[in-house]
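Participant: Sharing a structure, written as structure tokens. Questions coming.
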Amino acid sequence: MTLEELAWSVLSWSLLGAQILLVASMGCAAFRALRGPRAQDRVLALDTMYVNAAMLLLVFGIRTGSTHYFEAALLIALLGFVATAALAKFLMRGEVIE
Amino acid sequence: MRRLLPFPVFAVSLAALWLLLVGSVKPGSLLLAAGFGLAGGWMLVSLTPPDGRLRRLAGIPRLLGLVLVEVLRSNADVARIILRRGGWQPRRSGFVRVRLQMRSPYGLAALACILTTTPGTVWVEYDSVENTMLLHVLDLIDEEAWVGIIKDRWEARLMEIFE
Amino acid sequence: MMAQAEVSLWLAVPVALLLLAGSALALVGSIGLLRLHSFYDRIHAPTLATSLGIGCVLVASMLFFSVTQARPVLHELLIAAFMVVTTPVTLMLLARAALYRDQQEGNPEVPPLPPLPAREERPEG
């Protein structure tokens, strides 16, 4: 095995590992979102899943060597913020737009 | 000059944001970035943001370094708390109400960012009449110690920069 | 599926370590979401992912693309800045909503919240 092949396999195994860890993390958050017990727990878990999804997209970007996944990650992060803010506001007041 | 560029810091950061997003410094994108910076500044005028400016820029790099160290340390702390075997030893989490001296809204926003970015503390609420904030701390061993940390480590430095 | 760029060991090892550290932190945060016992404890768990977790992954991505494309790729800083600015907002809103709901139910463990000024001044409807 040459040095370059070694570097390559280090990188691809770590990418795989990172993806597995992130999917497991999303699984934990999904479990909490399903189980509750209260609405604020579910919203918090959903917010965590958004962040994990953004990280997963970044890892995927490194894997494919394309910078386009960055934009998808930025969009997911934006959507996550808006969604969580709206849901939190709903929990507080019972309506989103007043 | 004030008419043309009412919020210089904001305009420059908006332009920098655009340049980062397109990822190039070609003349075209520079021009567009300058346009966005100017237009953003004019639009902000109609929103009438609260007054405030950066008084002392020299303190900022030091503060950022300190935040980085604190983020690393408190990530390790919270990870240890979560992974501790057999549930939890006597560990208490709870709310702390801290009376602040800082009044600058930008300083308070920066304080909220710092406290929430370091895991283990979450800024819950701010009372503008009494100038107190409510904080939730995951590892609340000593309430006095936490108040001291917030006032000495963060508030004093932020006041130096913003007030 | 991967564009076979030249990757040296000097690049691969730091990128690999940062990626694994970041995603491990995210996993620890989510485990905390499962293991901690009250909502106010759990609200601290995702901050592991939003601070150092995503930070590590972003630095790894910046490092990787800057070296393989031989130009500084810095747009990951945008996500970092966005995360730093938005996490306090979401967590504050969520914690306040939870406090408010707990108080409405008369839960004795939460501190009293000062009345919301906006709520009282606004005419109904």
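Residues are referred to by chain and number: the chain letter is A, B, ... according to the order shown in the structure tokens, the number counts from 1 in that chain, and ligands are numbered separately from 1 in the order shown.
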Might you pull out every residue within 8 Å of Leu11 (chain A), with only C-alpha atoms counted and same-chain residues fewer than 2 positions away left off, and present them as a count of residues only?

Facilitator: 10

Participant: Define the interface residues of chain A facing chain C as those within 7 Å, counting only C-alpha atoms, and report them as number ranges by chain.

Facilitator: A: 4, 7-8, 10-11, 14, 17-18, 21-22, 24-25, 28-29, 32, 40-41, 48, 51, 55, 62-65, 74, 81, 84-85, 88-89, 91-92

Participant: Could the residues in this selection be saved with N, CA and C atoms as an mmCIF file, in the first residue's frame?

Facilitator:
data_model
loop_
_atom_site.group_PDB
_atom_site.id
_atom_site.type_symbol
_atom_site.label_atom_id
_atom_site.label_comp_id
_atom_site.auth_asym_id
_atom_site.auth_seq_id
_atom_site.Cartn_x
_atom_site.Cartn_y
_atom_site.Cartn_z
ATOM 1 N N GLU A 4 -0.200 7.226 -0.532
ATOM 2 C CA GLU A 4 -1.388 7.906 -1.012
ATOM 3 C C GLU A 4 -2.640 7.050 -0.822
ATOM 4 N N ALA A 7 -3.620 7.297 2.790
ATOM 5 C CA ALA A 7 -4.341 8.545 3.081
ATOM 6 C C ALA A 7 -5.770 8.452 2.598
ATOM 7 N N TRP A 8 -5.905 7.876 1.415
ATOM 8 C CA TRP A 8 -7.243 7.753 0.844
ATOM 9 C C TRP A 8 -8.147 6.889 1.722
ATOM 10 N N VAL A 10 -7.788 6.216 4.919
ATOM 11 C CA VAL A 10 -8.055 6.901 6.193
ATOM 12 C C VAL A 10 -9.235 7.843 6.022
ATOM 13 N N LEU A 11 -9.193 8.604 4.930
ATOM 14 C CA LEU A 11 -10.243 9.598 4.710
ATOM 15 C C LEU A 11 -11.593 8.932 4.478
ATOM 16 N N SER A 14 -13.020 7.361 7.644
ATOM 17 C CA SER A 14 -13.500 8.345 8.626
ATOM 18 C C SER A 14 -14.785 9.010 8.142
ATOM 19 N N GLY A 17 -17.412 6.580 8.985
ATOM 20 C CA GLY A 17 -17.655 6.606 10.424
ATOM 21 C C GLY A 17 -18.466 7.820 10.837
ATOM 22 N N ALA A 18 -18.105 8.977 10.275
ATOM 23 C CA ALA A 18 -18.830 10.196 10.631
ATOM 24 C C ALA A 18 -20.284 10.093 10.210
ATOM 25 N N LEU A 21 -22.100 7.835 12.681
ATOM 26 C CA LEU A 21 -22.329 8.517 13.962
ATOM 27 C C LEU A 21 -23.463 9.533 13.838
ATOM 28 N N LEU A 22 -23.463 10.265 12.732
ATOM 29 C CA LEU A 22 -24.492 11.302 12.574
ATOM 30 C C LEU A 22 -25.869 10.692 12.400
ATOM 31 N N ALA A 24 -26.800 7.820 13.611
ATOM 32 C CA ALA A 24 -27.186 7.348 14.944
ATOM 33 C C ALA A 24 -27.693 8.508 15.784
ATOM 34 N N SER A 25 -27.025 9.642 15.661
ATOM 35 C CA SER A 25 -27.439 10.819 16.429
ATOM 36 C C SER A 25 -28.833 11.273 16.013
ATOM 37 N N CYS A 28 -31.333 8.937 17.612
ATOM 38 C CA CYS A 28 -31.618 9.256 19.022
ATOM 39 C C CYS A 28 -32.587 10.423 19.114
ATOM 40 N N ALA A 29 -32.312 11.469 18.306
ATOM 41 C CA ALA A 29 -33.173 12.648 18.357
ATOM 42 C C ALA A 29 -34.583 12.304 17.878
ATOM 43 N N ARG A 32 -36.472 10.699 20.626
ATOM 44 C CA ARG A 32 -36.971 11.677 21.595
ATOM 45 C C ARG A 32 -38.149 12.473 21.022
ATOM 46 N N GLN A 40 -42.505 20.648 23.961
ATOM 47 C CA GLN A 40 -41.208 21.328 23.853
ATOM 48 C C GLN A 40 -40.064 20.331 23.644
ATOM 49 N N ASP A 41 -40.212 19.113 24.190
ATOM 50 C CA ASP A 41 -39.193 18.092 23.937
ATOM 51 C C ASP A 41 -39.148 17.724 22.464
ATOM 52 N N THR A 48 -32.517 19.578 16.878
ATOM 53 C CA THR A 48 -31.285 18.789 16.841
ATOM 54 C C THR A 48 -31.162 18.036 15.526
ATOM 55 N N VAL A 51 -29.892 20.287 12.760
ATOM 56 C CA VAL A 51 -28.453 20.544 12.827
ATOM 57 C C VAL A 51 -27.679 19.321 12.347
ATOM 58 N N MET A 55 -24.990 18.834 9.224
ATOM 59 C CA MET A 55 -23.657 18.239 9.334
ATOM 60 C C MET A 55 -23.500 17.082 8.360
ATOM 61 N N ILE A 62 -17.884 16.553 1.437
ATOM 62 C CA ILE A 62 -16.473 16.150 1.412
ATOM 63 C C ILE A 62 -16.334 14.820 0.681
ATOM 64 N N ARG A 63 -17.287 13.912 0.892
ATOM 65 C CA ARG A 63 -17.218 12.602 0.281
ATOM 66 C C ARG A 63 -17.256 12.693 -1.241
ATOM 67 N N THR A 64 -18.129 13.547 -1.766
ATOM 68 C CA THR A 64 -18.231 13.649 -3.219
ATOM 69 C C THR A 64 -17.283 14.691 -3.790
ATOM 70 N N GLY A 65 -16.598 15.440 -2.921
ATOM 71 C CA GLY A 65 -15.664 16.440 -3.410
ATOM 72 C C GLY A 65 -16.332 17.589 -4.122
ATOM 73 N N LEU A 74 -26.521 25.009 4.239
ATOM 74 C CA LEU A 74 -26.911 26.346 4.689
ATOM 75 C C LEU A 74 -28.433 26.482 4.684
ATOM 76 N N PHE A 81 -33.851 26.890 11.672
ATOM 77 C CA PHE A 81 -34.035 28.041 12.565
ATOM 78 C C PHE A 81 -35.456 28.574 12.466
ATOM 79 N N THR A 84 -37.998 26.096 14.030
ATOM 80 C CA THR A 84 -37.972 26.017 15.486
ATOM 81 C C THR A 84 -38.499 27.293 16.116
ATOM 82 N N ALA A 85 -38.126 28.438 15.535
ATOM 83 C CA ALA A 85 -38.618 29.702 16.092
ATOM 84 C C ALA A 85 -40.137 29.765 16.000
ATOM 85 N N ALA A 88 -41.674 27.344 18.546
ATOM 86 C CA ALA A 88 -41.548 27.832 19.924
ATOM 87 C C ALA A 88 -42.552 28.953 20.177
ATOM 88 N N LYS A 89 -42.711 29.802 19.174
ATOM 89 C CA LYS A 89 -43.671 30.895 19.314
ATOM 90 C C LYS A 89 -45.092 30.338 19.436
ATOM 91 N N LEU A 91 -45.879 27.467 20.726
ATOM 92 C CA LEU A 91 -46.031 26.892 22.068
ATOM 93 C C LEU A 91 -46.308 27.992 23.089
ATOM 94 N N MET A 92 -45.698 29.149 22.857
ATOM 95 C CA MET A 92 -45.833 30.234 23.829
ATOM 96 C C MET A 92 -47.205 30.882 23.743
#

Participant: Dump as a Markdown table the rows for residues of chain A within 12 Å of chain B: closest atom pair and distance in Å with one decimal, only C-alpha atoms counted, ordered by chain and rising residue number.

Facilitator:
| residue | atom | partner | partner_atom | distance |
| --- | --- | --- | --- | --- |
| A:Thr67 | CA | B:Gly23 | CA | 10.7 |
| A:His68 | CA | B:Leu21 | CA | 11.6 |
| A:Phe70 | CA | B:Leu21 | CA | 10.0 |
| A:Glu71 | CA | B:Leu21 | CA | 9.0 |
| A:Leu74 | CA | B:Leu21 | CA | 10.3 |

Participant: Kindly indicate which residue among C:Leu36, C:Leu63, C:Val84, C:Leu52 lies nearest to Ala110 (chain B), using only C-alpha atoms for the distances.

Facilitator: C:Val84

Participant: How close does each residue of chain B get to chain C, giving the shortest atom pair and distance in Å to one decimal for every residue with an atom at most 10 Å away, counting only C-alpha atoms, sorted by chain and residue number, as a Markdown table?

Facilitator:
| residue | atom | partner | partner_atom | distance |
| --- | --- | --- | --- | --- |
| B:Leu17 | CA | C:Leu78 | CA | 7.2 |
| B:Trp18 | CA | C:His75 | CA | 9.6 |
| B:Leu19 | CA | C:His75 | CA | 8.7 |
| B:Leu20 | CA | C:His75 | CA | 5.0 |
| B:Leu21 | CA | C:His75 | CA | 5.7 |
| B:Val22 | CA | C:His75 | CA | 8.1 |
| B:Gly23 | CA | C:His75 | CA | 6.7 |
| B:Ser24 | CA | C:Val73 | CA | 9.5 |
| B:Leu68 | CA | C:Leu52 | CA | 9.3 |
| B:Val71 | CA | C:Leu52 | CA | 7.1 |
| B:Leu72 | CA | C:Leu52 | CA | 7.1 |
| B:Ser74 | CA | C:Leu48 | CA | 9.1 |
| B:Asn75 | CA | C:Leu48 | CA | 6.1 |
| B:Ala76 | CA | C:Leu48 | CA | 9.1 |
| B:Val78 | CA | C:Ala45 | CA | 7.8 |
| B:Ala79 | CA | C:Val28 | CA | 6.4 |
| B:Arg80 | CA | C:Val28 | CA | 9.4 |
| B:Ile81 | CA | C:Gly32 | CA | 8.8 |
| B:Ile82 | CA | C:Gly32 | CA | 5.3 |
| B:Leu83 | CA | C:Val28 | CA | 7.5 |
| B:Gly87 | CA | C:Arg35 | CA | 8.0 |
| B:Trp88 | CA | C:Leu36 | CA | 9.1 |
| B:Arg92 | CA | C:Asp41 | CA | 9.8 |
| B:Ser93 | CA | C:Asp41 | CA | 7.0 |
| B:Gly94 | CA | C:Tyr40 | CA | 8.2 |
| B:Phe95 | CA | C:Pro111 | CA | 7.4 |
| B:Val96 | CA | C:Pro111 | CA | 9.2 |
| B:Arg97 | CA | C:Pro111 | CA | 9.4 |
| B:Ala109 | CA | C:Val85 | CA | 9.0 |
| B:Ala110 | CA | C:Val85 | CA | 8.9 |
| B:Leu111 | CA | C:Pro88 | CA | 9.9 |
| B:Ala112 | CA | C:Pro88 | CA | 6.3 |
| B:Cys113 | CA | C:Pro88 | CA | 5.7 |
| B:Ile114 | CA | C:Val84 | CA | 8.3 |
| B:Leu115 | CA | C:Pro88 | CA | 8.3 |
| B:Thr116 | CA | C:Pro88 | CA | 5.4 |
| B:Thr117 | CA | C:Ser51 | CA | 5.7 |
| B:Thr118 | CA | C:Ser51 | CA | 7.2 |
| B:Pro119 | CA | C:Thr47 | CA | 5.4 |
| B:Gly120 | CA | C:His44 | CA | 5.6 |
| B:Thr121 | CA | C:His44 | CA | 7.0 |
| B:Val122 | CA | C:His44 | CA | 7.0 |
| B:Trp123 | CA | C:Met92 | CA | 6.2 |
| B:Val124 | CA | C:Met92 | CA | 5.0 |
| B:Glu125 | CA | C:Arg96 | CA | 6.8 |
| B:Tyr126 | CA | C:Pro114 | CA | 9.3 |
| B:Asp127 | CA | C:Pro114 | CA | 7.4 |
| B:Val129 | CA | C:Pro114 | CA | 9.9 |
| B:Leu134 | CA | C:Leu113 | CA | 9.1 |
| B:Leu135 | CA | C:Met92 | CA | 9.8 |
| B:His136 | CA | C:Tyr40 | CA | 7.4 |
| B:Val137 | CA | C:Asp41 | CA | 8.3 |
| B:Leu138 | CA | C:Asp41 | CA | 6.1 |
| B:Asp139 | CA | C:Asp41 | CA | 9.4 |

Participant: Which of these, B:Trp146, B:Val98, B:Ala156, B:Trp42, has the shortest distance to Met133 (chain B) once you count only C-alpha atoms?

Facilitator: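 Answer, going by the shortest atom-to-atom distance: B:Val98.
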
Participant: Set the distance at 10 Å and use only C-alpha atoms: which residues neighbour Leu5 (chain B) once local chain neighbours fewer than 3 positions away are removed? I'd like the list as a PyMOL selection string.

Facilitator: chain B and resi 1-2+8-12+37-42

Participant: Please return, as a PyMOL selection string, all residues of chain B that DSSP assigns to alpha helix (DSSP H) on the basis of the backbone.

Facilitator: chain B and resi 8-22+27-47+59-83+105-117+143-148+156-162
